[in-house]
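Here is the file data-v5.cif (mmCIF, C-alpha atoms and all ligand atoms).
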data_query
loop_
_atom_site.group_PDB
_atom_site.id
_atom_site.type_symbol
_atom_site.label_atom_id
_atom_site.label_comp_id
_atom_site.auth_asym_id
_atom_site.auth_seq_id
_atom_site.Cartn_x
_atom_site.Cartn_y
_atom_site.Cartn_z
ATOM 1 C CA MET A 12 33.617 5.955 23.895
ATOM 2 C CA THR A 13 30.946 3.784 25.468
ATOM 3 C CA ALA A 14 28.126 2.356 23.347
ATOM 4 C CA ILE A 15 25.218 0.381 24.718
ATOM 5 C CA GLY A 16 23.092 -1.702 22.371
ATOM 6 C CA LYS A 17 20.049 -3.905 22.752
ATOM 7 C CA ALA A 18 20.168 -7.696 22.391
ATOM 8 C CA ARG A 19 19.364 -7.624 18.694
ATOM 9 C CA GLU A 20 22.375 -5.380 18.006
ATOM 10 C CA LYS A 21 24.882 -7.626 19.746
ATOM 11 C CA TYR A 22 25.709 -9.655 16.682
ATOM 12 C CA HIS A 23 26.429 -6.524 14.645
ATOM 13 C CA ILE A 24 28.379 -4.591 17.228
ATOM 14 C CA MET A 25 31.531 -4.354 15.119
ATOM 15 C CA GLU A 26 29.554 -2.980 12.144
ATOM 16 C CA LEU A 27 27.830 -0.451 14.430
ATOM 17 C CA LEU A 28 31.146 0.694 15.822
ATOM 18 C CA ASP A 29 32.463 0.994 12.285
ATOM 19 C CA GLN A 30 29.478 3.209 11.393
ATOM 20 C CA MET A 31 30.147 5.393 14.421
ATOM 21 C CA ASP A 32 33.739 5.626 13.335
ATOM 22 C CA ARG A 33 32.643 7.029 9.982
ATOM 23 C CA THR A 34 30.616 9.870 11.491
ATOM 24 C CA GLY A 35 32.013 13.310 10.735
ATOM 25 C CA PRO A 36 34.487 15.089 13.009
ATOM 26 C CA SER A 37 31.764 17.362 14.418
ATOM 27 C CA HIS A 38 29.528 14.447 15.385
ATOM 28 C CA PRO A 39 29.178 14.177 19.176
ATOM 29 C CA LEU A 40 29.913 10.454 19.063
ATOM 30 C CA ARG A 41 33.100 11.157 17.202
ATOM 31 C CA GLN A 42 34.093 13.925 19.598
ATOM 32 C CA ALA A 43 33.601 11.648 22.545
ATOM 33 C CA GLN A 44 35.737 8.954 21.043
ATOM 34 C CA ASP A 45 38.871 7.880 22.787
ATOM 35 C CA ARG A 46 41.374 9.064 20.177
ATOM 36 C CA PRO A 47 44.594 7.639 21.650
ATOM 37 C CA LEU A 48 42.956 4.196 21.858
ATOM 38 C CA ARG A 49 41.618 4.441 18.303
ATOM 39 C CA GLN A 50 44.971 5.545 16.948
ATOM 40 C CA ALA A 51 46.536 2.487 18.513
ATOM 41 C CA GLN A 52 44.025 0.124 16.915
ATOM 42 C CA ASP A 53 43.230 -0.619 13.307
ATOM 43 C CA LYS A 54 39.770 -1.816 14.227
ATOM 44 C CA PRO A 55 37.213 -0.908 16.897
ATOM 45 C CA LEU A 56 37.761 -2.757 20.128
ATOM 46 C CA VAL A 57 35.071 -4.457 22.182
ATOM 47 C CA ARG A 58 35.987 -4.948 25.821
ATOM 48 C CA VAL A 59 33.970 -7.383 27.919
ATOM 49 C CA GLY A 60 34.565 -9.054 31.260
ATOM 50 C CA ASP A 61 34.909 -12.829 31.531
ATOM 51 C CA ILE A 62 31.339 -13.890 32.249
ATOM 52 C CA GLY A 63 32.578 -17.439 32.818
ATOM 53 C CA GLU A 64 34.035 -16.201 36.093
ATOM 54 C CA VAL A 65 30.725 -14.769 37.303
ATOM 55 C CA GLU A 66 29.430 -16.829 40.201
ATOM 56 C CA THR A 67 27.124 -14.307 41.838
ATOM 57 C CA TYR A 68 23.643 -13.563 40.577
ATOM 58 C CA ASP A 69 22.245 -10.066 40.618
ATOM 59 C CA GLU A 70 18.909 -9.713 42.258
ATOM 60 C CA SER A 71 16.269 -9.382 39.599
ATOM 61 C CA PRO A 72 15.315 -5.938 38.374
ATOM 62 C CA PHE A 73 11.573 -5.662 38.627
ATOM 63 C CA ILE A 74 8.576 -3.420 38.781
ATOM 64 C CA SER A 75 7.098 -3.848 42.210
ATOM 65 C CA ALA A 76 3.414 -4.589 42.500
ATOM 66 C CA THR A 77 3.305 -2.114 45.377
ATOM 67 C CA SER A 78 5.499 0.603 43.829
ATOM 68 C CA PRO A 79 3.934 3.586 42.037
ATOM 69 C CA SER A 80 5.069 2.217 38.632
ATOM 70 C CA GLY A 81 3.753 -1.240 39.509
ATOM 71 C CA ARG A 82 0.359 0.145 40.491
ATOM 72 C CA ARG A 83 0.265 2.257 37.348
ATOM 73 C CA THR A 84 1.044 -0.595 34.957
ATOM 74 C CA GLY A 85 -0.688 -3.305 36.939
ATOM 75 C CA ARG A 86 2.338 -5.556 36.372
ATOM 76 C CA ALA A 87 3.075 -8.036 39.082
ATOM 77 C CA ARG A 88 5.616 -10.369 37.523
ATOM 78 C CA ALA A 89 9.261 -10.680 38.480
ATOM 79 C CA PHE A 90 12.116 -12.665 36.981
ATOM 80 C CA LEU A 91 14.246 -14.972 39.076
ATOM 81 C CA LYS A 92 17.502 -16.071 37.488
ATOM 82 C CA VAL A 93 18.381 -19.571 38.636
ATOM 83 C CA GLN A 94 21.088 -20.544 36.197
ATOM 84 C CA GLU A 95 23.756 -19.081 33.887
ATOM 85 C CA GLY A 96 25.775 -20.388 30.922
ATOM 86 C CA CYS A 97 25.426 -23.600 28.918
ATOM 87 C CA ASP A 98 27.454 -26.796 28.478
ATOM 88 C CA TYR A 99 25.655 -27.735 25.288
ATOM 89 C CA ASN A 100 27.364 -27.132 22.030
ATOM 90 C CA CYS A 101 24.711 -26.445 19.419
ATOM 91 C CA SER A 102 26.567 -25.706 16.204
ATOM 92 C CA TYR A 103 24.754 -22.423 15.437
ATOM 93 C CA CYS A 104 24.924 -20.935 18.940
ATOM 94 C CA ILE A 105 27.474 -18.478 20.291
ATOM 95 C CA ILE A 106 26.028 -18.409 23.813
ATOM 96 C CA PRO A 107 28.368 -21.002 25.424
ATOM 97 C CA ALA A 108 31.348 -18.963 24.173
ATOM 98 C CA ALA A 109 29.799 -15.707 25.373
ATOM 99 C CA ARG A 110 28.290 -16.813 28.683
ATOM 100 C CA GLY A 111 30.546 -19.661 29.739
ATOM 101 C CA LEU A 112 29.768 -23.144 31.012
ATOM 102 C CA GLY A 113 26.579 -23.873 32.946
ATOM 103 C CA ARG A 114 26.415 -22.758 36.581
ATOM 104 C CA SER A 115 23.493 -23.209 38.952
ATOM 105 C CA ARG A 116 22.429 -20.627 41.480
ATOM 106 C CA PRO A 117 22.471 -22.247 44.935
ATOM 107 C CA LEU A 118 19.101 -23.456 46.191
ATOM 108 C CA ASP A 119 19.167 -21.307 49.336
ATOM 109 C CA ASP A 120 19.919 -18.230 47.262
ATOM 110 C CA CYS A 121 16.986 -18.959 44.900
ATOM 111 C CA LEU A 122 14.638 -19.498 47.850
ATOM 112 C CA LYS A 123 15.820 -16.327 49.564
ATOM 113 C CA GLU A 124 15.086 -14.212 46.523
ATOM 114 C CA ALA A 125 11.741 -15.935 45.942
ATOM 115 C CA ARG A 126 10.734 -15.092 49.528
ATOM 116 C CA ARG A 127 11.843 -11.489 49.025
ATOM 117 C CA LEU A 128 9.767 -11.228 45.854
ATOM 118 C CA ALA A 129 6.759 -12.775 47.584
ATOM 119 C CA ALA A 130 7.148 -10.288 50.435
ATOM 120 C CA GLU A 131 7.238 -7.474 47.844
ATOM 121 C CA GLY A 132 3.789 -8.563 46.771
ATOM 122 C CA PHE A 133 4.559 -10.205 43.431
ATOM 123 C CA GLN A 134 1.833 -12.421 42.072
ATOM 124 C CA GLU A 135 4.116 -14.350 39.728
ATOM 125 C CA ILE A 136 7.791 -15.156 39.248
ATOM 126 C CA VAL A 137 9.344 -16.408 36.035
ATOM 127 C CA LEU A 138 12.385 -18.651 36.379
ATOM 128 C CA THR A 139 15.058 -17.700 33.884
ATOM 129 C CA GLY A 140 18.496 -18.875 32.810
ATOM 130 C CA VAL A 141 20.338 -19.835 29.647
ATOM 131 C CA ASN A 142 19.553 -23.543 30.014
ATOM 132 C CA ILE A 143 17.419 -23.774 33.159
ATOM 133 C CA GLY A 144 16.696 -27.488 32.888
ATOM 134 C CA THR A 145 20.372 -28.198 33.666
ATOM 135 C CA TRP A 146 20.029 -26.627 37.130
ATOM 136 C CA GLU A 147 21.438 -28.949 39.766
ATOM 137 C CA ALA A 148 22.731 -28.869 43.313
ATOM 138 C CA ASP A 149 24.135 -31.112 45.960
ATOM 139 C CA ASP A 150 21.532 -32.032 48.523
ATOM 140 C CA LEU A 151 24.037 -31.736 51.347
ATOM 141 C CA PRO A 152 26.702 -29.034 51.383
ATOM 142 C CA GLY A 153 29.996 -30.441 50.150
ATOM 143 C CA THR A 154 28.603 -33.690 48.722
ATOM 144 C CA PRO A 155 28.941 -34.145 44.969
ATOM 145 C CA ARG A 156 25.847 -35.082 42.998
ATOM 146 C CA GLY A 157 25.179 -38.784 42.929
ATOM 147 C CA SER A 158 27.722 -39.531 45.671
ATOM 148 C CA ALA A 159 27.006 -42.046 48.416
ATOM 149 C CA GLN A 160 26.122 -39.218 50.794
ATOM 150 C CA GLY A 161 23.861 -37.249 48.502
ATOM 151 C CA GLN A 162 21.560 -37.989 45.605
ATOM 152 C CA GLY A 163 21.736 -34.500 44.203
ATOM 153 C CA LEU A 164 18.939 -32.102 43.362
ATOM 154 C CA LEU A 165 17.654 -31.504 39.845
ATOM 155 C CA PHE A 166 15.524 -28.793 38.267
ATOM 156 C CA HIS A 167 12.193 -30.297 39.342
ATOM 157 C CA ASP A 168 13.440 -30.304 42.965
ATOM 158 C CA LEU A 169 14.154 -26.569 42.683
ATOM 159 C CA LEU A 170 10.736 -25.945 41.182
ATOM 160 C CA ALA A 171 9.043 -27.996 43.915
ATOM 161 C CA ALA A 172 10.889 -26.051 46.631
ATOM 162 C CA LEU A 173 9.998 -22.699 45.056
ATOM 163 C CA SER A 174 6.358 -23.685 44.670
ATOM 164 C CA ARG A 175 6.181 -24.071 48.465
ATOM 165 C CA VAL A 176 7.348 -20.499 49.169
ATOM 166 C CA GLU A 177 4.627 -18.855 51.185
ATOM 167 C CA GLY A 178 2.786 -16.070 49.395
ATOM 168 C CA LEU A 179 3.973 -16.922 45.869
ATOM 169 C CA ARG A 180 0.807 -17.360 43.887
ATOM 170 C CA ARG A 181 2.289 -18.343 40.541
ATOM 171 C CA ILE A 182 5.586 -19.684 39.166
ATOM 172 C CA ARG A 183 6.336 -19.942 35.471
ATOM 173 C CA ILE A 184 9.303 -21.575 33.788
ATOM 174 C CA SER A 185 10.913 -20.045 30.740
ATOM 175 C CA SER A 186 12.302 -22.070 27.837
ATOM 176 C CA ILE A 187 13.426 -25.624 28.623
ATOM 177 C CA GLU A 188 15.254 -28.087 26.384
ATOM 178 C CA PRO A 189 13.130 -31.133 25.391
ATOM 179 C CA ASN A 190 15.688 -33.684 26.593
ATOM 180 C CA LEU A 191 15.513 -32.140 30.094
ATOM 181 C CA ILE A 192 11.746 -32.504 30.530
ATOM 182 C CA THR A 193 11.451 -35.474 32.835
ATOM 183 C CA ASP A 194 8.372 -37.354 34.003
ATOM 184 C CA ASP A 195 9.086 -35.991 37.500
ATOM 185 C CA LEU A 196 8.868 -32.450 36.124
ATOM 186 C CA ILE A 197 5.640 -33.133 34.204
ATOM 187 C CA ARG A 198 4.051 -34.817 37.254
ATOM 188 C CA LEU A 199 5.004 -31.879 39.464
ATOM 189 C CA MET A 200 3.595 -29.346 37.021
ATOM 190 C CA ALA A 201 0.399 -31.352 36.704
ATOM 191 C CA ARG A 202 0.019 -31.513 40.495
ATOM 192 C CA ARG A 203 0.931 -28.043 41.749
ATOM 193 C CA GLU A 204 -1.713 -25.462 41.029
ATOM 194 C CA ASN A 205 0.664 -22.538 41.522
ATOM 195 C CA ILE A 206 2.982 -23.663 38.671
ATOM 196 C CA ALA A 207 1.760 -22.276 35.349
ATOM 197 C CA PRO A 208 1.071 -25.125 32.898
ATOM 198 C CA HIS A 209 3.294 -23.532 30.285
ATOM 199 C CA PHE A 210 6.177 -25.215 28.441
ATOM 200 C CA HIS A 211 8.320 -23.402 25.902
ATOM 201 C CA VAL A 212 10.291 -26.215 24.281
ATOM 202 C CA PRO A 213 12.711 -25.313 21.475
ATOM 203 C CA LEU A 214 12.304 -27.678 18.530
ATOM 204 C CA GLN A 215 14.555 -25.938 15.961
ATOM 205 C CA HIS A 216 13.971 -28.580 13.283
ATOM 206 C CA ALA A 217 12.067 -31.754 12.531
ATOM 207 C CA SER A 218 14.585 -33.382 10.216
ATOM 208 C CA ASP A 219 16.877 -35.711 12.165
ATOM 209 C CA ARG A 220 19.623 -34.972 9.652
ATOM 210 C CA VAL A 221 19.413 -31.239 10.393
ATOM 211 C CA LEU A 222 19.035 -31.799 14.167
ATOM 212 C CA LYS A 223 22.231 -33.821 14.084
ATOM 213 C CA ALA A 224 24.079 -31.104 12.151
ATOM 214 C CA MET A 225 22.786 -28.590 14.697
ATOM 215 C CA ARG A 226 24.116 -30.891 17.472
ATOM 216 C CA ARG A 227 20.755 -30.905 19.225
ATOM 217 C CA ARG A 228 20.346 -33.655 21.805
ATOM 218 C CA TYR A 229 17.132 -35.297 20.597
ATOM 219 C CA SER A 230 15.490 -36.721 17.516
ATOM 220 C CA ILE A 231 12.100 -35.624 16.204
ATOM 221 C CA ALA A 232 10.654 -38.871 17.662
ATOM 222 C CA ASP A 233 12.036 -37.918 21.115
ATOM 223 C CA TYR A 234 10.561 -34.437 20.794
ATOM 224 C CA ARG A 235 7.161 -35.733 19.739
ATOM 225 C CA ALA A 236 7.146 -38.214 22.633
ATOM 226 C CA VAL A 237 7.840 -35.542 25.240
ATOM 227 C CA ILE A 238 5.222 -33.148 23.845
ATOM 228 C CA GLU A 239 2.655 -35.935 23.793
ATOM 229 C CA ARG A 240 3.489 -36.880 27.405
ATOM 230 C CA ILE A 241 2.925 -33.262 28.458
ATOM 231 C CA ALA A 242 -0.346 -33.010 26.516
ATOM 232 C CA ALA A 243 -1.611 -36.280 28.023
ATOM 233 C CA ALA A 244 -0.710 -35.344 31.605
ATOM 234 C CA ILE A 245 -1.787 -31.689 31.422
ATOM 235 C CA PRO A 246 -4.521 -31.306 28.792
ATOM 236 C CA ASP A 247 -4.758 -27.528 29.251
ATOM 237 C CA ALA A 248 -0.982 -26.963 29.017
ATOM 238 C CA ALA A 249 0.258 -24.219 26.685
ATOM 239 C CA ILE A 250 3.122 -25.681 24.680
ATOM 240 C CA GLY A 251 5.271 -23.481 22.471
ATOM 241 C CA ALA A 252 8.310 -24.049 20.288
ATOM 242 C CA ASP A 253 11.058 -22.188 18.465
ATOM 243 C CA VAL A 254 11.934 -23.350 14.982
ATOM 244 C CA MET A 255 14.695 -22.328 12.632
ATOM 245 C CA VAL A 256 14.661 -22.306 8.845
ATOM 246 C CA GLY A 257 17.563 -22.059 6.429
ATOM 247 C CA PHE A 258 20.187 -23.938 8.453
ATOM 248 C CA PRO A 259 23.120 -24.833 6.120
ATOM 249 C CA GLY A 260 22.250 -27.829 3.987
ATOM 250 C CA GLU A 261 18.498 -27.693 4.705
ATOM 251 C CA THR A 262 16.846 -29.296 1.683
ATOM 252 C CA GLU A 263 13.287 -29.087 0.392
ATOM 253 C CA ASP A 264 12.680 -32.495 1.951
ATOM 254 C CA ASP A 265 14.018 -31.359 5.364
ATOM 255 C CA PHE A 266 11.755 -28.335 5.187
ATOM 256 C CA ARG A 267 8.746 -30.491 4.250
ATOM 257 C CA GLN A 268 9.363 -32.574 7.398
ATOM 258 C CA LEU A 269 9.365 -29.389 9.461
ATOM 259 C CA VAL A 270 6.088 -28.237 7.925
ATOM 260 C CA GLU A 271 4.501 -31.633 8.594
ATOM 261 C CA ALA A 272 5.712 -31.687 12.198
ATOM 262 C CA LEU A 273 4.420 -28.191 12.937
ATOM 263 C CA THR A 274 1.072 -29.107 11.473
ATOM 264 C CA ALA A 275 0.785 -32.368 13.425
ATOM 265 C CA LEU A 276 2.314 -31.615 16.847
ATOM 266 C CA PRO A 277 -0.080 -30.514 19.612
ATOM 267 C CA LEU A 278 1.598 -27.100 19.932
ATOM 268 C CA THR A 279 -0.166 -23.960 21.080
ATOM 269 C CA TYR A 280 2.197 -21.631 19.228
ATOM 270 C CA HIS A 281 5.583 -21.548 17.508
ATOM 271 C CA HIS A 282 8.148 -18.843 16.893
ATOM 272 C CA VAL A 283 10.005 -18.829 13.588
ATOM 273 C CA PHE A 284 13.640 -17.768 13.223
ATOM 274 C CA ARG A 285 15.637 -17.459 10.045
ATOM 275 C CA TYR A 286 19.133 -18.912 10.354
ATOM 276 C CA SER A 287 21.846 -16.271 10.179
ATOM 277 C CA GLU A 288 25.571 -16.863 10.357
ATOM 278 C CA ARG A 289 27.205 -16.149 13.727
ATOM 279 C CA GLU A 290 30.930 -15.698 13.509
ATOM 280 C CA GLY A 291 32.775 -18.123 15.754
ATOM 281 C CA THR A 292 30.210 -20.935 15.499
ATOM 282 C CA SER A 293 30.932 -24.158 13.646
ATOM 283 C CA ALA A 294 27.739 -23.707 11.601
ATOM 284 C CA SER A 295 29.121 -20.462 10.151
ATOM 285 C CA ARG A 296 31.907 -22.510 8.550
ATOM 286 C CA MET A 297 29.514 -25.031 6.985
ATOM 287 C CA THR A 298 29.136 -25.059 3.251
ATOM 288 C CA ALA A 299 25.805 -25.442 1.425
ATOM 289 C CA ALA A 300 24.357 -22.188 2.731
ATOM 290 C CA VAL A 301 20.679 -21.770 1.957
ATOM 291 C CA ASP A 302 19.920 -18.794 -0.262
ATOM 292 C CA PRO A 303 18.620 -15.876 1.861
ATOM 293 C CA ALA A 304 15.562 -15.570 -0.417
ATOM 294 C CA VAL A 305 14.726 -19.232 0.251
ATOM 295 C CA ARG A 306 15.170 -18.707 4.008
ATOM 296 C CA LYS A 307 12.713 -15.833 3.814
ATOM 297 C CA GLU A 308 10.217 -17.812 1.751
ATOM 298 C CA ARG A 309 10.363 -20.772 4.175
ATOM 299 C CA SER A 310 9.902 -18.566 7.222
ATOM 300 C CA CYS A 311 6.790 -17.067 5.558
ATOM 301 C CA VAL A 312 5.346 -20.566 5.085
ATOM 302 C CA LEU A 313 5.851 -21.385 8.781
ATOM 303 C CA ARG A 314 4.440 -18.041 9.889
ATOM 304 C CA GLU A 315 1.350 -18.775 7.838
ATOM 305 C CA ILE A 316 0.924 -22.096 9.697
ATOM 306 C CA ARG A 317 1.180 -20.129 12.945
ATOM 307 C CA ARG A 318 -1.389 -17.598 11.730
ATOM 308 C CA LYS A 319 -3.838 -20.360 10.818
ATOM 309 C CA ARG A 320 -3.318 -21.980 14.213
ATOM 310 C CA GLY A 321 -4.567 -18.705 15.682
HETATM 311 S S1 LIG A 401 20.984 -23.203 21.692
HETATM 312 FE FE1 LIG A 401 20.552 -23.275 23.907
HETATM 313 S S2 LIG A 401 21.160 -25.359 24.483
HETATM 314 FE FE2 LIG A 401 22.140 -24.960 22.517
HETATM 315 S S3 LIG A 401 24.179 -24.159 23.030
HETATM 316 FE FE3 LIG A 401 22.818 -22.393 22.776
HETATM 317 S S4 LIG A 401 22.085 -21.932 24.833
HETATM 318 FE FE4 LIG A 401 22.926 -23.997 24.901
#
Can you turn what I pasted into structure tokens?
Amino acid sequence: MTAIGKAREKYHIMELLDQMDRTGPSHPLRQAQDRPLRQAQDKPLVRVGDIGEVETYDESPFISATSPSGRRTGRARAFLKVQEGCDYNCSYCIIPAARGLGRSRPLDDCLKEARRLAAEGFQEIVLTGVNIGTWEADDLPGTPRGSAQGQGLLFHDLLAALSRVEGLRRIRISSIEPNLITDDLIRLMARRENIAPHFHVPLQHASDRVLKAMRRRYSIADYRAVIERIAAAIPDAAIGADVMVGFPGETEDDFRQLVEALTALPLTYHHVFRYSEREGTSASRMTAAVDPAVRKERSCVLREIRRKRG
């Protein structure tokens, strides 16, 4: 039996398969089930390929600005995947295990697809990836980054190259980790009119104790400094953040620090997530879980701050 779920179902896939398994014998799902396989297994089986071995990048699915559906919806935005996987090891995150270590799409390949999208008539492309700020490439084929022959290319070099693609009117970056926002990147975004002045910078927490337990790669002082540098260089920049409440061991005082930071930082918006245990992560084995009712209460407080921000 094949089951396809959306992203929000992925963490509950075993429960969903269990529910399917309990459907009656006349249920179509049940009838379609692979009985010999099920008889051989005590539990449902999830088969996936090894994404860590994936080195090719599918061309982006999109709605063309010139296609009938594009004209109907008026959408003219395409997604360009420039990176896959993540070498970071945040304690609550299952993505490195699921998507493998970080890999960068070659520069020529990114440029080729950007030109194709521009030729299709797209007004805007959004650069996507799991951890796009880690994109890197050798500047000469076969020369390792930082070697005597080559200095290596970093994310801002990719963005600069893409911003010069003829016919591309707008480029937007998706989420980028705060420790990867360099002055070179900020200067480039301030200078190039066709790069949207939009930064989505995950914060997750404002207590250094919690950030350390999450294994994030910055302190709240580092985060504040980078946001202030962006705001100073690009006064009309939209700056957004993700924050998480209810991480194991989060105290009232940690939460107060998060409230204060969200109130004081020059953010345009923030998204609030309630921590939930992900099997296979080191955070799921931490003690001192925060009561689910407290998680809910704290997320309501942060949503209220967002509502007041407008
Ligand atoms: S939260 Fe982001 S940076 Fe951290 S491990 Fe997951 S994908 Fe990587």
For this session: Apply the PyMOL selection byres (((not hetatm)) within 9 of (chain A and resi 401)) to the displayed file and report the matching residues as a list in words.
Result: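 Taken on the displayed file, the PyMOL selection byres (((not hetatm)) within 9 of (chain A and resi 401)) yields the residues Gly96, Cys97, Asp98, Tyr99, Asn100, Cys101, Ser102, Tyr103, Cys104, Ile105, Ile106, Pro107, Ala108, Arg110, Gly113, Val141, Asn142, Ile187, Glu188, Pro213, Met225, Arg226, Arg227 and Arg228 of chain A.
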Proximity of range 174-222 of chain A to range 121-129 of chain A: per-residue shortest pair, 12 Å limit, all atoms listed in the file, as JSON lines:
{"residue": "A:Ser174", "atom": "CA", "partner": "A:Ala125", "partner_atom": "CA", "distance": 9.5}
{"residue": "A:Arg175", "atom": "CA", "partner": "A:Leu122", "partner_atom": "CA", "distance": 9.6}
{"residue": "A:Val176", "atom": "CA", "partner": "A:Arg126", "partner_atom": "CA", "distance": 6.4}
{"residue": "A:Glu177", "atom": "CA", "partner": "A:Arg126", "partner_atom": "CA", "distance": 7.4}
{"residue": "A:Gly178", "atom": "CA", "partner": "A:Ala129", "partner_atom": "CA", "distance": 5.5}
{"residue": "A:Leu179", "atom": "CA", "partner": "A:Ala129", "partner_atom": "CA", "distance": 5.3}
{"residue": "A:Arg180", "atom": "CA", "partner": "A:Ala129", "partner_atom": "CA", "distance": 8.4}
{"residue": "A:Arg181", "atom": "CA", "partner": "A:Ala129", "partner_atom": "CA", "distance": 10.0}
{"residue": "A:Ile182", "atom": "CA", "partner": "A:Ala125", "partner_atom": "CA", "distance": 9.9}
Problem set entry | Residue nearest Glu95 in chain A - candidates A:Ile143, A:Ile136, A:Val221, A:Ala244, atoms counted: all atoms listed in the file | A:Ile143
For this session: Kindly indicate which residue among A:Ala87, A:Gly321, A:Ser186, A:Leu169 lies nearest to Asp120 in chain A, using all atoms listed in the file for the distances.
Result: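 With all atoms listed in the file as the atom set, the closest residue is A:Leu169.
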Exercise. Distance CA of Gln94 in chain A-CA of Ala248 in chain A, one decimal place?
Worked result: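 Taking CA of Gln94 in chain A as the start and CA of Ala248 in chain A as the end point, the length is 24.1 Å.
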For this session: Find the distance between CA of Asp219 in chain A and CA of Asp194 in chain A and write it in Å to one decimal.
Result: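 Taking CA of Asp219 in chain A and CA of Asp194 in chain A, their separation equals 23.5 Å.
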Problem set entry | For CA of Cys311 in chain A and CA of Arg267 in chain A, the interatomic separation in Å (one decimal) | 13.6 Å
Going by the chain IDs and residue numbers used in this file, which residues fall under the PyMOL selection byres (((chain A and resi 254) around 7) and not hetatm)? Write them as a CSV table (one decimal) with C-alpha atoms, in the coordinates of the input.
chain,number,residue,atom,x,y,z
A,213,PRO,CA,12.7,-25.3,21.5
A,214,LEU,CA,12.3,-27.7,18.5
A,215,GLN,CA,14.6,-25.9,16.0
A,216,HIS,CA,14.0,-28.6,13.3
A,252,ALA,CA,8.3,-24.0,20.3
A,253,ASP,CA,11.1,-22.2,18.5
A,255,MET,CA,14.7,-22.3,12.6
A,256,VAL,CA,14.7,-22.3,8.8
A,282,HIS,CA,8.1,-18.8,16.9
A,283,VAL,CA,10.0,-18.8,13.6
A,284,PHE,CA,13.6,-17.8,13.2
Edge lengths and centre in Å, axis-aligned, range 234-247 of chain A plus 4 Å each side, as lines of an AutoDock Vina configuration file:
center_x = 2.9
center_y = -32.9
center_z = 25.7
size_x = 23.3
size_y = 18.7
size_z = 19.9
Problem set entry | Given all atoms listed in the file as the counted atoms, nearest of A:Asp233, A:Asp302, A:Glu315, A:Glu308 to Leu273 in chain A |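 Nearest candidate to Leu273 in chain A out of A:Asp233, A:Asp302, A:Glu315, A:Glu308: A:Glu315.
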Problem set entry | Selection under test: the PyMOL selection byres (((chain A and resi 88-93) around 7) and not hetatm); residues as number ranges by chain | A: 71, 73, 86-87, 94, 115-116, 121, 133-140, 143
Just want the 8 Å neighbourhood of range 195-197 of chain A, counted on all atoms listed in the file, with same-chain residues fewer than 2 positions away dropped. Output as a short mmCIF file (atom, residue, chain, number, x, y, z; two decimals) with C-alpha atoms, keeping the file's coordinate frame.
data_model
loop_
_atom_site.label_atom_id
_atom_site.label_comp_id
_atom_site.auth_asym_id
_atom_site.auth_seq_id
_atom_site.Cartn_x
_atom_site.Cartn_y
_atom_site.Cartn_z
CA PHE A 166 15.52 -28.79 38.27
CA HIS A 167 12.19 -30.30 39.34
CA ILE A 192 11.75 -32.50 30.53
CA THR A 193 11.45 -35.47 32.84
CA LEU A 199 5.00 -31.88 39.46
CA MET A 200 3.60 -29.35 37.02
CA ALA A 201 0.40 -31.35 36.70
CA ILE A 241 2.92 -33.26 28.46
CA ALA A 244 -0.71 -35.34 31.60
#
Exercise. A:Arg285, A:Arg203, A:Arg114, A:Arg317: which is nearest Ala304 in chain A, counting only C-alpha atoms?
Worked result: A:Arg285
Problem set entry | Option closest in space to Pro259 in chain A, from A:Thr298, A:Ser230, A:Thr279, A:Thr292 [counting all atoms listed in the file] |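 For Pro259 in chain A, the nearest of the given residues is A:Thr298.
Residues with any atom within 10 Å of Asp168 in chain A, counting only C-alpha atoms and excluding same-chain neighbours fewer than 3 positions away, are Leu118, Trp146, Glu147, Ala148, Asp150, Gly163, Leu164, Leu165, Ala171, Ala172, Leu173, Ser174, Asp195, Leu196 and Leu199 of chain A.
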